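Q: target_17.txt is the file, holding compact mmCIF, C-alpha atoms:
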# COMPACT_ATOMS: atom_id res chain seq x y z
CA ALA C 1 -11.92 -7.24 -5.13
CA VAL C 2 -11.44 -3.50 -5.51
CA LEU C 3 -14.73 -2.70 -3.79
CA ALA C 4 -13.93 -5.02 -0.89
CA TYR C 5 -10.44 -3.53 -0.57
CA VAL C 6 -11.75 0.06 -0.50
CA CYS C 7 -14.58 -0.80 1.91
CA THR C 8 -12.06 -2.49 4.23
CA GLN C 9 -9.60 0.41 4.13
CA TYR C 10 -12.29 3.10 4.58
CA PRO C 11 -15.20 1.43 6.46
CA ASP C 12 -16.70 4.70 7.74
CA THR C 13 -17.05 6.29 4.30
CA GLN C 14 -20.68 7.04 3.46
CA LEU C 15 -21.96 5.55 0.20
CA SER C 16 -25.27 5.73 -1.61
CA ILE C 17 -26.96 4.09 -4.59
CA VAL C 18 -26.96 6.18 -7.77
CA PHE C 19 -30.75 6.30 -8.18
CA LEU C 20 -31.46 6.54 -4.44
CA PRO C 21 -29.02 9.18 -3.17
CA MET C 22 -31.19 10.01 -0.16
CA TYR C 23 -30.29 6.65 1.43
CA THR C 24 -26.72 6.45 2.68
CA PHE C 25 -24.84 3.65 4.40
CA SER C 26 -21.29 2.99 5.52
CA ALA C 27 -18.81 1.17 3.31
CA GLY C 28 -18.27 -1.39 6.07
CA ALA C 29 -21.96 -2.25 6.13
CA ALA C 30 -22.10 -2.31 2.33
CA ILE C 31 -19.41 -4.96 1.92
CA LYS C 32 -21.02 -7.13 4.61
CA VAL C 33 -24.40 -6.97 2.86
CA ILE C 34 -22.91 -7.57 -0.60
CA MET C 35 -20.92 -10.56 0.61
CA GLY C 36 -23.97 -11.88 2.46
CA ILE C 37 -26.09 -11.69 -0.69
CA ASP C 38 -23.38 -13.42 -2.70
CA LEU C 39 -23.02 -16.13 -0.06
CA ALA C 40 -26.79 -16.66 -0.09
CA GLY C 41 -26.67 -16.82 -3.88
CA VAL C 42 -24.00 -19.52 -3.76
CA LEU C 43 -25.78 -21.57 -1.09
CA LEU C 44 -29.24 -21.24 -2.62
CA GLY C 45 -28.10 -21.71 -6.22
CA TRP C 46 -29.30 -18.40 -7.61
CA LYS C 47 -28.45 -18.10 -11.30
CA THR C 48 -28.85 -14.33 -11.92
CA PHE C 49 -25.15 -13.56 -11.35
CA ASP C 50 -22.05 -15.65 -10.82
CA HIS C 51 -22.18 -15.24 -7.06
CA ALA C 52 -19.17 -17.51 -6.49
CA ALA C 53 -16.98 -15.26 -8.65
CA HIS C 54 -18.13 -12.12 -6.85
CA LEU C 55 -17.62 -13.76 -3.46
CA GLY C 56 -14.15 -14.92 -4.51
CA GLY C 57 -13.24 -11.43 -5.66
CA ALA C 58 -14.47 -9.91 -2.43
CA LEU C 59 -12.52 -12.45 -0.38
CA PHE C 60 -9.37 -11.64 -2.36
CA GLY C 61 -9.94 -7.92 -1.73
CA LEU C 62 -10.25 -8.60 2.00
CA PHE C 63 -7.14 -10.78 1.92
CA TRP C 64 -5.15 -8.11 0.12
CA ALA C 65 -6.31 -5.37 2.49
CA HIS C 66 -5.23 -7.36 5.55
CA TYR C 67 -2.17 -9.31 4.35
CA GLY C 68 -1.25 -8.66 0.73
CA SER C 69 0.11 -5.17 0.90
CA THR C 70 2.31 -5.92 3.93
CA ARG C 71 3.32 -9.57 3.42
CA VAL C 72 2.95 -10.44 -0.28
CA TRP C 73 3.86 -7.22 -2.09
CA PRO C 74 7.35 -6.89 -0.53
CA LEU C 75 8.23 -10.36 -1.93
CA ARG C 76 7.41 -9.43 -5.54
CA GLU C 77 11.00 -8.73 -6.58
CA HIS C 78 12.06 -12.24 -5.55
CA PHE C 79 9.30 -13.79 -7.69
CA ILE C 80 9.96 -11.51 -10.65
CA GLY C 81 13.67 -12.42 -10.55
CA TYR C 82 12.78 -16.11 -10.41
CA TRP C 83 10.42 -15.68 -13.37
CA HIS C 84 13.16 -14.00 -15.43
CA GLU C 85 15.53 -16.89 -14.64
CA LEU C 86 12.91 -19.43 -15.77
CA ARG C 87 12.07 -17.72 -19.01
CA GLY C 88 15.68 -17.05 -20.04
CA PRO C 89 17.11 -14.16 -22.02
CA PRO C 90 14.80 -12.07 -24.26
CA LYS C 91 14.33 -13.35 -27.79
CA LYS C 92 15.25 -11.11 -30.70
Can you dump the structure from the file as structure tokens?

A:
Amino acid sequence: AVLAYVCTQYPDTQLSIVFLPMYTFSAGAAIKVIMGIDLAGVLLGWKTFDHAAHLGGALFGLFWAHYGSTRVWPLREHFIGYWHELRGPPKK
């Protein structure tokens, strides 16, 4: 989720792989390739990694970059207040 968020916010940033620093690519291209590999892993049933979890995290990062910080985050105080009402006063 964090990688997808950063790649969405800064798509022109140049990245490289640790052991291959001579090859660089943009963050926007990186997230597309990573999500494509994870989608292929889900559809083809690859068992090396949990591709569904990585794809879900990346989708949440994209969601948060586009909608979360502007539409969800401002509503947090309402939900926190509601949670405090549900749980009641602090126990001693």

Q: Set the distance at 9 Å and use only C-alpha atoms: which residues neighbour stretch 56-72 of chain C once local chain neighbours fewer than 5 positions away are removed? I'd like the list as a short mmCIF file (atom, residue, chain, number, x, y, z; two decimals) with C-alpha atoms, keeping the file's coordinate frame.

A:
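Done, and the output landed in out39.cif:
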data_model
loop_
_atom_site.label_atom_id
_atom_site.label_comp_id
_atom_site.auth_asym_id
_atom_site.auth_seq_id
_atom_site.Cartn_x
_atom_site.Cartn_y
_atom_site.Cartn_z
CA ALA C 1 -11.92 -7.24 -5.13
CA VAL C 2 -11.44 -3.50 -5.51
CA LEU C 3 -14.73 -2.70 -3.79
CA ALA C 4 -13.93 -5.02 -0.89
CA TYR C 5 -10.44 -3.53 -0.57
CA VAL C 6 -11.75 0.06 -0.50
CA CYS C 7 -14.58 -0.80 1.91
CA THR C 8 -12.06 -2.49 4.23
CA GLN C 9 -9.60 0.41 4.13
CA ILE C 31 -19.41 -4.96 1.92
CA ILE C 34 -22.91 -7.57 -0.60
CA MET C 35 -20.92 -10.56 0.61
CA HIS C 51 -22.18 -15.24 -7.06
#

Q: Can you measure atom CA of C:Asp38 to atom CA of C:Ser26 for me? One decimal in Å is fine.

A: 18.5 Å

Q: For atom CA of C:Phe25 and atom CA of C:Asp50, determine how far apart the two atoms are, in Å to one decimal place.

A: 24.7 Å

Q: Which residue out of C:Leu15, C:Ala53, C:Leu86, C:Val42 has the minimum interatomic distance to C:Ala29 when all atoms listed in the file are used?

A: C:Leu15

Q: Just how far from atom CA of C:Phe49 is atom CA of C:Asp12, in Å to one decimal?

A: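 Interatomic distance, atom CA of C:Asp12 to atom CA of C:Phe49: 27.7 Å.
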
Q: Missing atoms in stretch 49-60 of chain C need filling: write out all heavy atoms for it as a short mmCIF file (atom, residue, chain, number, x, y, z; two decimals), in the coordinates of the input.

A:
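Written output follows (part_22.cif):
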data_model
loop_
_atom_site.label_atom_id
_atom_site.label_comp_id
_atom_site.auth_asym_id
_atom_site.auth_seq_id
_atom_site.Cartn_x
_atom_site.Cartn_y
_atom_site.Cartn_z
N PHE C 49 -26.54 -13.97 -11.22
CA PHE C 49 -25.15 -13.56 -11.35
C PHE C 49 -24.27 -14.74 -10.98
O PHE C 49 -24.73 -15.72 -10.41
CB PHE C 49 -24.82 -12.40 -10.39
CG PHE C 49 -25.64 -11.17 -10.63
CD1 PHE C 49 -26.66 -10.84 -9.77
CD2 PHE C 49 -25.38 -10.34 -11.70
CE1 PHE C 49 -27.41 -9.70 -9.97
CE2 PHE C 49 -26.12 -9.21 -11.93
CZ PHE C 49 -27.15 -8.88 -11.05
N ASP C 50 -22.99 -14.63 -11.28
CA ASP C 50 -22.05 -15.65 -10.82
C ASP C 50 -21.62 -15.25 -9.41
O ASP C 50 -20.61 -14.59 -9.21
CB ASP C 50 -20.85 -15.73 -11.76
CG ASP C 50 -19.97 -16.92 -11.44
OD1 ASP C 50 -20.23 -17.60 -10.43
OD2 ASP C 50 -19.01 -17.16 -12.19
N HIS C 51 -22.41 -15.65 -8.44
CA HIS C 51 -22.18 -15.24 -7.06
C HIS C 51 -20.86 -15.77 -6.52
O HIS C 51 -20.21 -15.11 -5.71
CB HIS C 51 -23.34 -15.69 -6.16
CG HIS C 51 -24.62 -15.00 -6.50
ND1 HIS C 51 -24.88 -13.71 -6.11
CD2 HIS C 51 -25.71 -15.41 -7.19
CE1 HIS C 51 -26.07 -13.35 -6.54
NE2 HIS C 51 -26.59 -14.37 -7.20
N ALA C 52 -20.44 -16.95 -6.97
CA ALA C 52 -19.17 -17.51 -6.49
C ALA C 52 -18.00 -16.63 -6.94
O ALA C 52 -17.06 -16.41 -6.17
CB ALA C 52 -19.01 -18.93 -7.00
N ALA C 53 -18.06 -16.12 -8.15
CA ALA C 53 -16.98 -15.26 -8.65
C ALA C 53 -16.94 -13.95 -7.87
O ALA C 53 -15.86 -13.46 -7.51
CB ALA C 53 -17.17 -14.99 -10.14
N HIS C 54 -18.10 -13.36 -7.61
CA HIS C 54 -18.13 -12.12 -6.85
C HIS C 54 -17.65 -12.34 -5.42
O HIS C 54 -16.92 -11.51 -4.86
CB HIS C 54 -19.54 -11.52 -6.84
CG HIS C 54 -19.92 -10.91 -8.14
ND1 HIS C 54 -20.86 -11.46 -8.96
CD2 HIS C 54 -19.46 -9.80 -8.76
CE1 HIS C 54 -20.98 -10.70 -10.05
NE2 HIS C 54 -20.13 -9.69 -9.95
N LEU C 55 -18.05 -13.45 -4.83
CA LEU C 55 -17.62 -13.76 -3.46
C LEU C 55 -16.11 -14.00 -3.43
O LEU C 55 -15.41 -13.54 -2.53
CB LEU C 55 -18.38 -14.97 -2.94
CG LEU C 55 -18.23 -15.29 -1.47
CD1 LEU C 55 -18.65 -14.12 -0.60
CD2 LEU C 55 -19.04 -16.53 -1.12
N GLY C 56 -15.59 -14.70 -4.43
CA GLY C 56 -14.15 -14.92 -4.51
C GLY C 56 -13.38 -13.62 -4.67
O GLY C 56 -12.34 -13.42 -4.04
N GLY C 57 -13.89 -12.73 -5.50
CA GLY C 57 -13.24 -11.43 -5.66
C GLY C 57 -13.26 -10.62 -4.38
O GLY C 57 -12.26 -10.00 -4.01
N ALA C 58 -14.38 -10.64 -3.69
CA ALA C 58 -14.47 -9.91 -2.43
C ALA C 58 -13.53 -10.50 -1.38
O ALA C 58 -12.87 -9.76 -0.64
CB ALA C 58 -15.91 -9.93 -1.91
N LEU C 59 -13.43 -11.82 -1.34
CA LEU C 59 -12.52 -12.45 -0.38
C LEU C 59 -11.07 -12.10 -0.70
O LEU C 59 -10.26 -11.87 0.19
CB LEU C 59 -12.72 -13.97 -0.37
CG LEU C 59 -14.01 -14.43 0.27
CD1 LEU C 59 -14.20 -15.93 0.07
CD2 LEU C 59 -14.04 -14.09 1.74
N PHE C 60 -10.73 -12.04 -2.00
CA PHE C 60 -9.37 -11.64 -2.36
C PHE C 60 -9.12 -10.19 -1.96
O PHE C 60 -8.02 -9.86 -1.49
CB PHE C 60 -9.11 -11.83 -3.85
CG PHE C 60 -7.71 -11.46 -4.22
CD1 PHE C 60 -6.67 -12.33 -3.97
CD2 PHE C 60 -7.42 -10.23 -4.79
CE1 PHE C 60 -5.37 -11.99 -4.28
CE2 PHE C 60 -6.13 -9.87 -5.10
CZ PHE C 60 -5.09 -10.76 -4.85
#
